[in-house]
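So this block is start_16.cif, mmCIF, C-alpha atoms:
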data_upload
#
loop_
_atom_site.label_atom_id
_atom_site.label_comp_id
_atom_site.auth_asym_id
_atom_site.auth_seq_id
_atom_site.Cartn_x
_atom_site.Cartn_y
_atom_site.Cartn_z
CA MET A 5 -24.18 -170.51 26.32
CA SER A 6 -25.29 -166.88 26.05
CA MET A 7 -23.23 -164.15 24.37
CA HIS A 8 -22.44 -162.57 27.75
CA GLU A 9 -21.19 -165.90 29.15
CA LEU A 10 -19.10 -166.44 26.01
CA VAL A 11 -17.51 -162.99 26.35
CA MET A 12 -16.71 -163.54 30.03
CA LEU A 13 -15.18 -166.93 29.22
CA GLY A 14 -13.00 -165.28 26.57
CA ILE A 15 -11.81 -162.65 29.07
CA GLN A 16 -10.97 -165.33 31.62
CA LEU A 17 -9.01 -167.34 29.04
CA SER A 18 -7.14 -164.20 28.03
CA ILE A 19 -6.18 -163.48 31.65
CA LEU A 20 -5.06 -167.07 32.16
CA GLY A 21 -2.88 -166.89 29.05
CA THR A 22 -1.33 -163.57 30.03
CA VAL A 23 -0.52 -164.62 33.61
CA PHE A 24 0.84 -167.95 32.31
CA SER A 25 3.15 -165.96 30.03
CA PHE A 26 4.33 -163.96 33.07
CA GLY A 27 5.32 -167.27 34.67
CA LEU A 28 7.16 -168.37 31.52
CA GLN A 29 9.43 -165.33 31.97
CA ALA A 30 9.68 -165.24 35.76
CA SER A 31 11.76 -166.91 38.43
CA LEU A 32 11.06 -167.59 42.09
CA HIS A 33 13.42 -164.70 42.84
CA ASP A 34 11.11 -162.35 40.90
CA ALA A 35 7.96 -163.64 42.60
CA LEU A 36 9.50 -163.10 46.07
CA HIS A 37 10.68 -159.57 45.29
CA LEU A 38 8.64 -157.91 48.05
CA ALA A 39 9.72 -160.43 50.68
CA ARG A 40 13.21 -158.93 50.41
CA ASP A 41 12.08 -155.33 50.88
CA ARG A 42 9.88 -155.00 53.95
CA SER A 43 9.73 -151.20 53.75
CA LEU A 44 8.38 -151.33 50.21
CA LEU A 45 5.97 -154.10 51.20
CA LEU A 46 4.52 -152.05 54.06
CA ARG A 47 4.19 -148.94 51.90
CA SER A 48 2.53 -150.98 49.16
CA LEU A 49 0.00 -152.49 51.53
CA CYS A 50 -0.69 -149.08 53.06
CA SER A 51 -1.35 -147.59 49.63
CA LEU A 52 -3.61 -150.42 48.49
CA PHE A 53 -5.47 -151.44 51.62
CA VAL A 54 -5.47 -148.31 53.81
CA VAL A 55 -5.31 -145.20 51.66
CA MET A 56 -7.86 -146.25 49.03
CA PRO A 57 -10.61 -147.38 51.44
CA VAL A 58 -10.21 -144.08 53.31
CA VAL A 59 -10.41 -142.15 50.03
CA ALA A 60 -13.54 -144.06 49.03
CA LEU A 61 -15.18 -143.32 52.39
CA LEU A 62 -14.37 -139.61 52.01
CA ILE A 63 -15.78 -139.46 48.47
CA VAL A 64 -18.97 -141.28 49.52
CA GLY A 65 -19.30 -139.05 52.59
CA VAL A 66 -18.68 -135.72 50.87
CA PHE A 67 -20.57 -136.19 47.60
CA SER A 68 -24.20 -137.14 47.10
CA LEU A 69 -23.78 -140.22 44.92
CA PRO A 70 -26.27 -142.81 43.67
CA LYS A 71 -26.35 -145.90 45.86
CA PRO A 72 -24.84 -148.27 43.22
CA THR A 73 -21.93 -145.86 42.76
CA ALA A 74 -21.21 -145.70 46.49
CA ILE A 75 -21.39 -149.49 46.80
CA ALA A 76 -19.15 -150.11 43.79
CA LEU A 77 -16.63 -147.50 44.95
CA ILE A 78 -16.32 -149.11 48.39
CA ALA A 79 -16.00 -152.56 46.81
CA LEU A 80 -13.32 -151.36 44.38
CA ALA A 81 -11.39 -149.75 47.24
CA ILE A 82 -10.82 -153.03 49.04
CA SER A 83 -10.19 -155.18 45.94
CA PRO A 84 -6.60 -156.19 45.07
CA ILE A 85 -4.81 -155.35 41.85
CA PRO A 86 -5.92 -157.03 38.58
CA PRO A 87 -3.83 -159.89 37.13
CA LEU A 88 -3.10 -158.15 33.82
CA LEU A 89 -1.45 -155.12 35.43
CA PRO A 90 2.25 -156.19 35.51
CA LYS A 91 2.28 -156.10 31.69
CA LYS A 92 1.12 -152.46 31.64
CA GLU A 93 3.51 -151.52 34.46
CA SER A 94 6.48 -153.00 32.64
CA LYS A 95 5.60 -151.06 29.48
CA ALA A 96 5.34 -147.89 31.58
CA GLY A 97 8.91 -148.32 32.80
CA GLY A 98 8.20 -150.11 36.08
CA LEU A 99 10.35 -152.94 37.39
CA PRO A 100 8.84 -156.27 36.21
CA ASP A 101 9.91 -158.17 39.34
CA TYR A 102 8.21 -155.65 41.63
CA GLY A 103 5.03 -155.68 39.55
CA LEU A 104 4.93 -159.47 39.52
CA GLY A 105 5.81 -159.81 43.18
CA LEU A 106 3.22 -157.19 44.15
CA MET A 107 0.47 -158.92 42.18
CA LEU A 108 1.24 -162.29 43.78
CA THR A 109 1.79 -160.99 47.33
CA VAL A 110 -1.24 -158.70 47.40
CA GLY A 111 -3.41 -161.37 45.80
CA LEU A 112 -2.55 -163.91 48.49
CA LEU A 113 -2.85 -161.41 51.35
CA ALA A 114 -6.20 -160.25 49.96
CA ILE A 115 -7.70 -163.64 50.85
CA ALA A 116 -7.48 -162.58 54.51
CA LEU A 117 -7.44 -158.79 54.24
CA VAL A 118 -10.48 -158.28 51.99
CA PRO A 119 -12.96 -160.14 54.27
CA PHE A 120 -11.53 -158.25 57.27
CA GLU A 121 -11.87 -154.86 55.58
CA ALA A 122 -15.36 -155.78 54.38
CA TRP A 123 -16.28 -156.55 58.01
CA LEU A 124 -14.88 -153.20 59.16
CA LEU A 125 -16.82 -151.34 56.48
CA GLY A 126 -19.95 -153.24 57.42
CA ARG A 127 -19.57 -152.02 60.99
CA TYR A 128 -19.06 -148.46 59.72
CA PHE A 129 -22.18 -148.51 57.52
CA ASN A 130 -24.17 -150.66 59.94
CA ARG A 131 -24.70 -153.09 57.08
CA GLU A 132 -23.19 -156.57 56.78
CA PHE A 133 -20.74 -157.02 53.92
CA ASP A 134 -20.69 -160.80 53.75
CA VAL A 135 -17.44 -161.61 51.93
CA SER A 136 -15.88 -164.99 52.65
CA ALA A 137 -12.21 -165.82 52.25
CA ALA A 138 -13.25 -168.57 49.82
CA ALA A 139 -15.01 -166.06 47.55
CA VAL A 140 -11.80 -164.01 47.30
CA ALA A 141 -9.51 -167.03 47.13
CA LYS A 142 -11.21 -168.51 44.05
CA PRO A 143 -10.29 -165.73 41.54
CA VAL A 144 -6.89 -165.19 43.19
CA LEU A 145 -5.86 -168.84 43.06
CA THR A 146 -7.37 -169.67 39.67
CA MET A 147 -6.50 -166.46 37.80
CA ILE A 148 -3.17 -165.55 39.43
CA VAL A 149 -1.43 -168.24 41.48
CA ALA A 150 -2.19 -171.34 39.38
CA PRO A 151 -1.29 -169.99 35.89
CA LEU A 152 1.74 -168.14 37.26
CA ALA A 153 3.05 -171.27 39.00
CA ALA A 154 2.38 -173.37 35.89
CA GLY A 155 4.37 -170.96 33.72
CA MET A 156 7.26 -170.90 36.19
CA LEU A 157 7.34 -174.71 36.26
CA VAL A 158 7.48 -174.88 32.46
CA ARG A 159 10.36 -172.35 32.56
CA ILE A 160 12.28 -174.54 35.01
CA TRP A 161 11.51 -177.77 33.18
CA LYS A 162 11.91 -176.63 29.56
CA PRO A 163 13.40 -173.10 29.39
CA ARG A 164 13.71 -173.11 25.59
CA ILE A 165 10.09 -174.11 25.12
CA ALA A 166 9.07 -171.45 27.66
CA SER A 167 10.93 -168.75 25.72
CA ALA A 168 9.34 -169.86 22.45
CA LEU A 169 5.82 -169.86 23.92
CA VAL A 170 5.84 -166.35 25.39
CA ARG A 171 5.20 -164.28 22.26
CA PRO A 172 2.46 -166.43 20.62
CA ILE A 173 0.57 -166.87 23.90
CA LEU A 174 0.74 -163.14 24.65
CA LEU A 175 -0.41 -162.31 21.11
CA VAL A 176 -3.43 -164.63 21.28
CA ALA A 177 -4.30 -163.45 24.80
CA THR A 178 -4.05 -159.78 23.82
CA VAL A 179 -6.22 -160.15 20.70
CA LEU A 180 -8.79 -162.22 22.60
CA LEU A 181 -8.97 -159.66 25.39
CA ALA A 182 -9.40 -156.76 22.97
CA VAL A 183 -12.26 -158.48 21.12
CA CYS A 184 -14.04 -159.56 24.29
CA ALA A 185 -13.58 -156.20 26.02
CA LEU A 186 -15.07 -154.42 23.01
CA ALA A 187 -18.03 -156.79 22.99
CA LEU A 188 -18.53 -156.26 26.74
CA VAL A 189 -18.45 -152.47 26.40
CA VAL A 190 -21.05 -152.62 23.62
CA THR A 191 -23.40 -154.71 25.76
CA VAL A 192 -23.23 -152.37 28.78
CA THR A 193 -23.08 -149.05 26.87
CA PRO A 194 -26.74 -148.07 27.59
CA LYS A 195 -26.14 -148.49 31.34
CA LEU A 196 -22.80 -146.67 31.11
CA LEU A 197 -24.45 -143.65 29.49
CA ALA A 198 -26.96 -143.52 32.32
CA LEU A 199 -24.09 -143.11 34.82
CA VAL A 200 -22.41 -140.16 33.12
CA GLY A 201 -24.69 -137.38 34.32
CA ASP A 202 -25.35 -138.42 37.93
CA GLY A 203 -21.93 -137.72 39.46
CA THR A 204 -20.63 -141.26 39.07
CA LEU A 205 -18.10 -140.40 36.37
CA TRP A 206 -16.50 -137.58 38.40
CA ALA A 207 -16.39 -139.65 41.58
CA LEU A 208 -14.64 -142.52 39.79
CA LEU A 209 -12.24 -140.11 38.10
CA LEU A 210 -11.33 -138.55 41.46
CA PHE A 211 -10.81 -142.00 42.97
CA ALA A 212 -8.47 -143.02 40.14
CA CYS A 213 -6.45 -139.78 40.28
CA VAL A 214 -5.97 -139.98 44.05
CA GLY A 215 -4.87 -143.60 43.62
CA LEU A 216 -2.17 -142.56 41.16
CA LEU A 217 -0.95 -139.77 43.45
CA ALA A 218 -0.94 -141.94 46.58
CA GLY A 219 0.87 -144.82 44.92
CA HIS A 220 3.44 -142.51 43.34
CA TRP A 221 4.14 -140.82 46.68
CA LEU A 222 4.35 -144.05 48.70
CA GLY A 223 6.47 -145.77 46.05
CA GLY A 224 9.64 -144.34 47.57
CA PRO A 225 12.77 -142.86 46.03
CA ILE A 226 13.10 -145.33 43.13
CA GLY A 227 11.22 -144.08 40.09
CA GLU A 228 10.34 -147.54 38.76
CA ASP A 229 8.82 -148.52 42.11
CA ARG A 230 6.71 -145.37 42.08
CA THR A 231 5.40 -146.24 38.62
CA VAL A 232 4.36 -149.75 39.65
CA LEU A 233 2.70 -148.73 42.92
CA ALA A 234 0.89 -145.78 41.34
CA LEU A 235 -0.69 -147.96 38.64
CA SER A 236 -1.40 -150.75 41.13
CA THR A 237 -3.14 -148.40 43.56
CA ALA A 238 -5.34 -146.83 40.90
CA SER A 239 -6.26 -150.17 39.30
CA ARG A 240 -8.57 -152.61 41.10
CA HIS A 241 -9.70 -156.20 40.55
CA PRO A 242 -13.16 -156.00 38.89
CA ALA A 243 -14.19 -159.60 39.57
CA ILE A 244 -13.50 -159.38 43.30
CA ALA A 245 -15.16 -155.95 43.49
CA LEU A 246 -18.33 -157.41 42.00
CA VAL A 247 -18.22 -160.35 44.42
CA ILE A 248 -18.10 -157.89 47.32
CA ALA A 249 -20.77 -155.56 45.95
CA LYS A 250 -23.20 -158.29 44.85
CA GLY A 251 -22.69 -160.18 48.10
CA ALA A 252 -23.83 -157.20 50.17
CA PHE A 253 -26.47 -155.82 47.78
CA PRO A 254 -27.63 -158.64 45.46
CA ASP A 255 -30.69 -156.74 44.24
CA GLU A 256 -28.92 -153.48 43.42
CA SER A 257 -28.78 -152.64 39.70
CA HIS A 258 -25.99 -150.93 37.76
CA LEU A 259 -23.21 -152.41 39.92
CA ALA A 260 -21.57 -154.21 36.99
CA ALA A 261 -21.94 -151.12 34.79
CA THR A 262 -20.33 -148.93 37.46
CA VAL A 263 -17.36 -151.29 37.80
CA ALA A 264 -17.06 -151.43 33.99
CA LEU A 265 -17.12 -147.63 33.86
CA TYR A 266 -14.30 -147.49 36.39
CA LEU A 267 -12.20 -149.78 34.19
CA LEU A 268 -12.69 -147.35 31.32
CA VAL A 269 -12.03 -144.31 33.51
CA VAL A 270 -8.81 -145.65 34.99
CA SER A 271 -7.59 -146.85 31.57
CA VAL A 272 -7.90 -143.30 30.22
CA THR A 273 -6.67 -141.60 33.41
CA VAL A 274 -3.35 -143.46 33.50
CA ILE A 275 -2.42 -142.62 29.89
CA PRO A 276 -0.75 -139.25 30.62
CA TYR A 277 0.91 -140.69 33.73
CA VAL A 278 2.34 -143.64 31.76
CA ARG A 279 3.64 -141.32 29.02
CA TRP A 280 5.31 -139.13 31.63
CA ARG A 281 6.94 -142.10 33.40
CA ARG A 282 8.27 -143.48 30.13
CA ARG A 283 10.24 -140.26 29.63
CA MET A 284 11.86 -140.49 33.06
CA PRO A 285 15.42 -141.91 33.35
CA ARG A 286 15.57 -145.43 34.74
CA GLN A 287 16.94 -145.85 38.27
CA GLY A 288 16.42 -149.56 38.82
CA LEU A 289 20.00 -150.54 38.15
CA ALA A 290 21.15 -148.26 40.92
CA LYS A 291 18.86 -149.86 43.46
#
With the file now loaded, output its structure as structure tokens.
Amino acid sequence: MSMHELVMLGIQLSILGTVFSFGLQASLHDALHLARDRSLLLRSLCSLFVVMPVVALLIVGVFSLPKPTAIALIALAISPIPPLLPKKESKAGGLPDYGLGLMLTVGLLAIALVPFEAWLLGRYFNREFDVSAAAVAKPVLTMIVAPLAAGMLVRIWKPRIASALVRPILLVATVLLAVCALALVVTVTPKLLALVGDGTLWALLLFACVGLLAGHWLGGPIGEDRTVLALSTASRHPAIALVIAKGAFPDESHLAATVALYLLVVSVTVIPYVRWRRRMPRQGLAK
């Protein structure tokens, strides 16, 4: 096994552990949060699957960007939220049940929506984006649904054991992710540096900022909902984005580096937003 494969395996194990820990703390009521609020569900889907693809098309159309950047941006725009996001949203003051329910709902809907949006974009660019439902379903089911359901079952079966497992699993998963992410950044740094001066950095930064603004605006009157949707709209699922991009342009270089750069850009971009939201008074109890 190569070093790159070992790092990717470590990241996958970290994600599995984190999502499993979500399940250890969650109930079916939490997971079905969005099913009880259709207005919030529609606004969430609009923000994630309508606004961001339109924004990506505008950025690609207005700015003269390198081809890998344009491809990666379009792929990111139609990818669902990443499985580690509810943890960050909760720390930022967002409602945990909305963050969890949004991750699960959007992940499942993405199995049908992502191939459909890829087809629409293919028609727009006169280029086939061959993304199957199975290609999207694999990371969604293995990295979100399965570990979440397993954690919830343990919570129902042995609630005391579930409570005792949360902290050590989260600690191991967090340390493993930090080590593997650092190793991954080091391996792609030369390619990342090549993207800084060609307009890619500014295009990705604009995409992330508009995502925050759109999600915050569409989040509605409840501050905690705004926080969750803003972070969810700006953040995208890197694995699914690469599946889309590589599926349409298998020979294009720098796609993985561009997606990695976006992860770094959005991680830095959300810092001032998260600090601002933490200072806001909580409204969730009045909901």
Just say which residues the PyMOL selection byres ((chain A and resi 54-68) around 7) picks in this file, as a PDB file with C-alpha atoms, in the coordinates of the input.
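Produced file result.pdb, reproduced below:
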ATOM      1  CA  CYS A  50      -0.690-149.080  53.060  1.00  0.00           C
ATOM      2  CA  SER A  51      -1.350-147.590  49.630  1.00  0.00           C
ATOM      3  CA  LEU A  52      -3.610-150.420  48.490  1.00  0.00           C
ATOM      4  CA  PHE A  53      -5.470-151.440  51.620  1.00  0.00           C
ATOM      5  CA  LEU A  69     -23.780-140.220  44.920  1.00  0.00           C
ATOM      6  CA  PRO A  70     -26.270-142.810  43.670  1.00  0.00           C
ATOM      7  CA  ALA A  74     -21.210-145.700  46.490  1.00  0.00           C
ATOM      8  CA  LEU A  77     -16.630-147.500  44.950  1.00  0.00           C
ATOM      9  CA  ILE A  78     -16.320-149.110  48.390  1.00  0.00           C
ATOM     10  CA  ALA A  81     -11.390-149.750  47.240  1.00  0.00           C
ATOM     11  CA  ILE A  82     -10.820-153.030  49.040  1.00  0.00           C
ATOM     12  CA  ALA A 207     -16.390-139.650  41.580  1.00  0.00           C
ATOM     13  CA  PHE A 211     -10.810-142.000  42.970  1.00  0.00           C
ATOM     14  CA  GLY A 215      -4.870-143.600  43.620  1.00  0.00           C
TER      15      GLY A 215
END
Check your understanding: If you count all atoms listed in the file, which residues fall within 8 Å of Ala234 in chain A, apart from same-chain ones fewer than 5 positions away, as a VMD selection string?
Key -> chain A and resid 215 to 221 223
- Query: Mind pulling up the distance from CA of Arg240 in chain A to CA of Gly98 in chain A?
  - Reply: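 Going from CA of Gly98 in chain A over to CA of Arg240 in chain A, I get 17.7 Å.
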Inset, instruction - Pick out the residues sitting within 8 Å of Ala96 in chain A, and hand them over as a ChimeraX atom specification; count all atoms listed in the file, and ignore anything fewer than 6 positions along from it in its own chain. - result: /A:231,278-279,281-282
Keeping only C-alpha atoms, take the residues you just selected and write them out as a tab-separated table (two decimals), keeping the file's coordinate frame.
chain	number	residue	atom	x	y	z
A	231	THR	CA	5.40	-146.24	38.62
A	278	VAL	CA	2.34	-143.64	31.76
A	279	ARG	CA	3.64	-141.32	29.02
A	281	ARG	CA	6.94	-142.10	33.40
A	282	ARG	CA	8.27	-143.48	30.13
Practice item. May I ask which of the residues A:Gly201, A:Gly155, A:Leu180, A:Asp34 is the closest one to Leu10 in chain A, counting only C-alpha atoms? Key: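 Of A:Gly201, A:Gly155, A:Leu180, A:Asp34, the one nearest Leu10 in chain A is A:Leu180, counting only C-alpha atoms.
Distance check against Pro276 in chain A using only C-alpha atoms: of A:Cys213, A:Ile75, A:Leu88, A:Leu106, the minimum falls on A:Cys213.
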**Prompt:** CA of Ala245 in chain A to CA of Gln16 in chain A: how many Å, to one decimal?
**Reply:**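 Interatomic distance, CA of Ala245 in chain A to CA of Gln16 in chain A: 15.7 Å.
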Report as a PyMOL selection string all protein, DNA and RNA residues lying within 9 Å of Arg159 in chain A, evaluated on all atoms listed in the file, omitting residues in the same chain fewer than 5 positions from it. chain A and resi 27-31+154+164-167
### Task
Take the PyMOL selection byres ((chain A and resi 23) around 12), apply it to the structure above, and return the hits as a VMD selection string.
chain A and resid 16 to 22 24 to 30 86 to 91 104 107 to 108 144 to 156 170 173 to 174 177 to 178
Deliver the residues from the most recent selection as a file, using C-alpha atoms, as a short mmCIF file (atom, residue, chain, number, x, y, z; two decimals), in the coordinates of the input.
data_model
loop_
_atom_site.label_atom_id
_atom_site.label_comp_id
_atom_site.auth_asym_id
_atom_site.auth_seq_id
_atom_site.Cartn_x
_atom_site.Cartn_y
_atom_site.Cartn_z
CA GLN A 16 -10.97 -165.33 31.62
CA LEU A 17 -9.01 -167.34 29.04
CA SER A 18 -7.14 -164.20 28.03
CA ILE A 19 -6.18 -163.48 31.65
CA LEU A 20 -5.06 -167.07 32.16
CA GLY A 21 -2.88 -166.89 29.05
CA THR A 22 -1.33 -163.57 30.03
CA PHE A 24 0.84 -167.95 32.31
CA SER A 25 3.15 -165.96 30.03
CA PHE A 26 4.33 -163.96 33.07
CA GLY A 27 5.32 -167.27 34.67
CA LEU A 28 7.16 -168.37 31.52
CA GLN A 29 9.43 -165.33 31.97
CA ALA A 30 9.68 -165.24 35.76
CA PRO A 86 -5.92 -157.03 38.58
CA PRO A 87 -3.83 -159.89 37.13
CA LEU A 88 -3.10 -158.15 33.82
CA LEU A 89 -1.45 -155.12 35.43
CA PRO A 90 2.25 -156.19 35.51
CA LYS A 91 2.28 -156.10 31.69
CA LEU A 104 4.93 -159.47 39.52
CA MET A 107 0.47 -158.92 42.18
CA LEU A 108 1.24 -162.29 43.78
CA VAL A 144 -6.89 -165.19 43.19
CA LEU A 145 -5.86 -168.84 43.06
CA THR A 146 -7.37 -169.67 39.67
CA MET A 147 -6.50 -166.46 37.80
CA ILE A 148 -3.17 -165.55 39.43
CA VAL A 149 -1.43 -168.24 41.48
CA ALA A 150 -2.19 -171.34 39.38
CA PRO A 151 -1.29 -169.99 35.89
CA LEU A 152 1.74 -168.14 37.26
CA ALA A 153 3.05 -171.27 39.00
CA ALA A 154 2.38 -173.37 35.89
CA GLY A 155 4.37 -170.96 33.72
CA MET A 156 7.26 -170.90 36.19
CA VAL A 170 5.84 -166.35 25.39
CA ILE A 173 0.57 -166.87 23.90
CA LEU A 174 0.74 -163.14 24.65
CA ALA A 177 -4.30 -163.45 24.80
CA THR A 178 -4.05 -159.78 23.82
#
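Excluding Ala212 in chain A itself and same-chain residues fewer than 5 positions from it, the residues having an atom within 8 Å of it are A:Ala238, A:Ser239, A:Val269, A:Val270, A:Thr273, counting all atoms listed in the file.
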Care to translate the PyMOL selection byres ((chain A and resi 187) around 12) into actual residues of this file, as an mmCIF file with C-alpha atoms, keeping the file's coordinate frame?
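Below is the file part-v4.cif, written as the result:
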data_model
loop_
_atom_site.group_PDB
_atom_site.id
_atom_site.type_symbol
_atom_site.label_atom_id
_atom_site.label_comp_id
_atom_site.auth_asym_id
_atom_site.auth_seq_id
_atom_site.Cartn_x
_atom_site.Cartn_y
_atom_site.Cartn_z
ATOM 1 C CA MET A 7 -23.230 -164.150 24.370
ATOM 2 C CA HIS A 8 -22.440 -162.570 27.750
ATOM 3 C CA GLU A 9 -21.190 -165.900 29.150
ATOM 4 C CA LEU A 10 -19.100 -166.440 26.010
ATOM 5 C CA VAL A 11 -17.510 -162.990 26.350
ATOM 6 C CA MET A 12 -16.710 -163.540 30.030
ATOM 7 C CA GLY A 14 -13.000 -165.280 26.570
ATOM 8 C CA ILE A 15 -11.810 -162.650 29.070
ATOM 9 C CA LEU A 180 -8.790 -162.220 22.600
ATOM 10 C CA LEU A 181 -8.970 -159.660 25.390
ATOM 11 C CA ALA A 182 -9.400 -156.760 22.970
ATOM 12 C CA VAL A 183 -12.260 -158.480 21.120
ATOM 13 C CA CYS A 184 -14.040 -159.560 24.290
ATOM 14 C CA ALA A 185 -13.580 -156.200 26.020
ATOM 15 C CA LEU A 186 -15.070 -154.420 23.010
ATOM 16 C CA LEU A 188 -18.530 -156.260 26.740
ATOM 17 C CA VAL A 189 -18.450 -152.470 26.400
ATOM 18 C CA VAL A 190 -21.050 -152.620 23.620
ATOM 19 C CA THR A 191 -23.400 -154.710 25.760
ATOM 20 C CA VAL A 192 -23.230 -152.370 28.780
ATOM 21 C CA THR A 193 -23.080 -149.050 26.870
#
Measuring between all atoms listed in the file, which one of A:Ala79, A:Ile85, A:Val158, A:Gly126 shows the shortest distance to Ser48 in chain A?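 Once distances to Ser48 in chain A are computed over all atoms listed in the file, the minimum belongs to A:Ile85.
A straight line drawn from CA of Ile275 in chain A to CA of Arg171 in chain A is 24.2 Å long.
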